[in-house]
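K.L.:
Just passing along the structure, written as structure tokens.
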Amino acid sequence: MTIASHCLRLAVLAGCMVLGACAAALQLATADPPRLYDLTPKSTFANDLPQVPGRLSVEVPTATAGLNSARIALRPTPTTLEYYAGASWIDVVPVLVQNLLLESLDNTGRIDVIGREVVGVRADLALLTHVREFQAEYDSPGAPLVRVRLQARLVRLPRRISVAATSEEFAVRARDTSVPAIVEAFDEAFGKALKRIVEWTVVEAAAAQRETADTHPT
């Protein structure tokens, strides 16, 4: 083999290595993104909900560490927490819950609601929530049980005096083991908790505002 042909062979091999590395990097960069899932707000409520004078701030909920994520959580055993591959919520769970609370409360037509981030707008009351459970549980062979538990507290501003507190928990069995079916179960379980908390918030906020009016008449 001549020196020239040997050098050419080395150059070709080096080029192949570079192209191979580029192809691997491109494959990683163009890997399929996770499929994003959303949940639905509530729009139908009891007809006798009271009208609430004043304004309610809905703060970003807190959540246990494993649930403060956009990943969809599952429990293969009671003591372990994992996540579905290739699937995520459209936002981190606390922000997802806040947005759905805001939209659902607004859909009642009974109360003026704002997010905490609104600057220069004074609220009379604030809704504080905590996401306690928000996962699919594999408690038996087959489709998992989706469990959602939300804790809520209504406080009077600006001193943040507690007015009332509640907790809602619902569990729904998914129709099968597919991710879309599991998300449907999340939507049903969360929707039940969401509706209860929205109606509770409107009733308690109206009572709190009446009490304020009676205590401090104009």
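Chain labels A, B, ... are given in the sequence in which chains occur in the structure tokens; within each chain residues are numbered consecutively from 1, and ligands are likewise numbered from 1 in the order shown.
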Pick out each residue of region 56-182 of chain A that DSSP on the backbone tags as alpha helix (DSSP H); I need them as JSON, numbers by chain.
P.N.:
{"A": [93, 94, 95, 96, 97, 98, 99, 100, 101, 102, 103, 104, 105, 106, 107, 108, 179, 180, 181, 182]}
K.L.:
Pull C-alpha atoms from the residues just selected and write them as a PDB file, in the first residue's frame.
P.N.:
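Now in again19.pdb:
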ATOM      1  CA  VAL A  93     -49.012  19.952  38.255  1.00  0.00           C
ATOM      2  CA  PRO A  94     -49.402  22.986  40.586  1.00  0.00           C
ATOM      3  CA  VAL A  95     -49.731  25.428  37.673  1.00  0.00           C
ATOM      4  CA  LEU A  96     -52.045  23.028  35.839  1.00  0.00           C
ATOM      5  CA  VAL A  97     -54.295  22.868  38.912  1.00  0.00           C
ATOM      6  CA  GLN A  98     -54.220  26.647  39.417  1.00  0.00           C
ATOM      7  CA  ASN A  99     -55.266  27.326  35.828  1.00  0.00           C
ATOM      8  CA  LEU A 100     -58.142  24.859  36.046  1.00  0.00           C
ATOM      9  CA  LEU A 101     -59.292  26.332  39.357  1.00  0.00           C
ATOM     10  CA  LEU A 102     -59.232  29.844  37.879  1.00  0.00           C
ATOM     11  CA  GLU A 103     -61.177  28.846  34.775  1.00  0.00           C
ATOM     12  CA  SER A 104     -63.699  26.738  36.689  1.00  0.00           C
ATOM     13  CA  LEU A 105     -64.337  29.439  39.296  1.00  0.00           C
ATOM     14  CA  ASP A 106     -64.789  31.978  36.521  1.00  0.00           C
ATOM     15  CA  ASN A 107     -67.223  29.600  34.813  1.00  0.00           C
ATOM     16  CA  THR A 108     -69.542  29.752  37.837  1.00  0.00           C
ATOM     17  CA  VAL A 179     -51.841   6.239  28.778  1.00  0.00           C
ATOM     18  CA  PRO A 180     -54.857   7.946  27.116  1.00  0.00           C
ATOM     19  CA  ALA A 181     -57.211   5.799  29.219  1.00  0.00           C
ATOM     20  CA  ILE A 182     -55.253   6.645  32.361  1.00  0.00           C
TER      21      ILE A 182
END
K.L.:
Might you pull out every residue within 10 Å of Arg147 (chain A), with only C-alpha atoms counted and same-chain residues fewer than 5 positions away left off, and present them as a ChimeraX atom specification?
P.N.:
/A:74,132-137,169-173,185-186,189-190
K.L.:
Quick one: of A:Arg110, A:Glu204, A:Leu157, A:Lys195, who's nearest to Ser43 (chain A), counting only C-alpha atoms?
P.N.:
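Ranked by minimum distance to Ser43 (chain A), first place goes to A:Lys195.
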K.L.:
Report as JSON, numbers by chain all protein, DNA and RNA residues lying within 12 Å of Arg75 (chain A), evaluated on only C-alpha atoms, omitting residues in the same chain fewer than 2 positions from it.
P.N.:
{"A": [66, 67, 72, 73, 77, 78, 79, 80, 81, 82, 83, 84, 133, 134, 135, 136, 137, 138, 139, 140, 144, 145, 146, 147]}
K.L.:
Mind dumping the selected residues with N, CA, C and O atoms as a compact mmCIF listing (two decimals), in the first residue's frame?
P.N.:
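Output saved as part_11.txt:
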# COMPACT_ATOMS: atom_id res chain seq x y z
N GLY A 66 -42.58 14.86 44.85
CA GLY A 66 -42.68 13.98 43.69
C GLY A 66 -43.75 14.39 42.71
O GLY A 66 -43.72 13.97 41.54
N LEU A 67 -44.70 15.21 43.15
CA LEU A 67 -45.80 15.64 42.28
C LEU A 67 -45.60 17.04 41.72
O LEU A 67 -46.38 17.49 40.89
N ILE A 72 -46.17 12.61 34.52
CA ILE A 72 -47.37 11.93 35.01
C ILE A 72 -46.94 10.81 35.95
O ILE A 72 -46.26 9.87 35.54
N ALA A 73 -47.35 10.93 37.19
CA ALA A 73 -46.84 10.04 38.24
C ALA A 73 -47.63 8.73 38.34
O ALA A 73 -48.84 8.69 38.09
N THR A 77 -45.83 0.41 43.53
CA THR A 77 -46.03 -0.14 44.87
C THR A 77 -46.38 1.02 45.79
O THR A 77 -46.14 2.19 45.44
N PRO A 78 -46.92 0.76 46.98
CA PRO A 78 -47.29 1.86 47.88
C PRO A 78 -46.11 2.74 48.31
O PRO A 78 -46.31 3.87 48.75
N THR A 79 -44.88 2.24 48.18
CA THR A 79 -43.73 2.99 48.68
C THR A 79 -42.83 3.54 47.58
O THR A 79 -41.76 4.08 47.87
N THR A 80 -43.21 3.40 46.32
CA THR A 80 -42.39 3.93 45.24
C THR A 80 -43.21 4.83 44.32
O THR A 80 -44.40 4.62 44.13
N LEU A 81 -42.53 5.84 43.78
CA LEU A 81 -43.16 6.77 42.85
C LEU A 81 -42.33 6.83 41.58
O LEU A 81 -41.12 7.09 41.64
N GLU A 82 -42.95 6.57 40.45
CA GLU A 82 -42.28 6.62 39.16
C GLU A 82 -43.11 7.47 38.20
O GLU A 82 -44.12 8.06 38.59
N TYR A 83 -42.68 7.54 36.93
CA TYR A 83 -43.36 8.38 35.95
C TYR A 83 -43.50 7.63 34.62
O TYR A 83 -42.65 6.82 34.25
N TYR A 84 -44.58 7.93 33.90
CA TYR A 84 -44.79 7.32 32.59
C TYR A 84 -43.77 7.88 31.60
O TYR A 84 -43.54 9.10 31.54
N GLU A 133 -52.42 14.07 46.54
CA GLU A 133 -52.35 12.84 45.73
C GLU A 133 -52.68 13.20 44.29
O GLU A 133 -53.64 13.92 44.02
N PHE A 134 -51.89 12.66 43.35
CA PHE A 134 -52.14 12.95 41.94
C PHE A 134 -51.37 11.91 41.12
O PHE A 134 -50.45 12.22 40.39
N GLN A 135 -51.76 10.64 41.26
CA GLN A 135 -51.01 9.57 40.64
C GLN A 135 -51.90 8.38 40.31
O GLN A 135 -53.01 8.25 40.82
N ALA A 136 -51.38 7.53 39.42
CA ALA A 136 -52.03 6.26 39.10
C ALA A 136 -51.41 5.17 39.97
O ALA A 136 -50.18 5.06 40.04
N GLU A 137 -52.25 4.38 40.62
CA GLU A 137 -51.78 3.36 41.55
C GLU A 137 -52.03 1.96 40.99
O GLU A 137 -53.17 1.62 40.65
N TYR A 138 -50.98 1.17 40.91
CA TYR A 138 -51.10 -0.21 40.43
C TYR A 138 -51.30 -1.11 41.64
O TYR A 138 -50.40 -1.78 42.11
N ASP A 139 -52.53 -1.10 42.13
CA ASP A 139 -52.86 -1.84 43.34
C ASP A 139 -53.27 -3.27 43.05
O ASP A 139 -53.46 -4.06 43.98
N SER A 140 -53.45 -3.60 41.78
CA SER A 140 -53.85 -4.95 41.39
C SER A 140 -53.47 -5.16 39.93
O SER A 140 -53.18 -4.18 39.22
N PRO A 144 -54.74 0.64 36.25
CA PRO A 144 -54.48 1.26 37.55
C PRO A 144 -55.66 2.06 38.08
O PRO A 144 -56.59 2.39 37.34
N LEU A 145 -55.59 2.38 39.36
CA LEU A 145 -56.56 3.25 40.02
C LEU A 145 -55.95 4.64 40.12
O LEU A 145 -54.89 4.81 40.71
N VAL A 146 -56.60 5.62 39.53
CA VAL A 146 -56.09 7.00 39.58
C VAL A 146 -56.67 7.68 40.81
O VAL A 146 -57.89 7.72 41.00
N ARG A 147 -55.78 8.24 41.63
CA ARG A 147 -56.20 8.88 42.88
C ARG A 147 -55.79 10.35 42.87
O ARG A 147 -54.64 10.69 42.59
K.L.:
Please report the interatomic distance between CA of Ala65 (chain A) and CA of Ala152 (chain A) in Å with one decimal.
P.N.:
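Here the two named atoms are 17.9 Å from each other.
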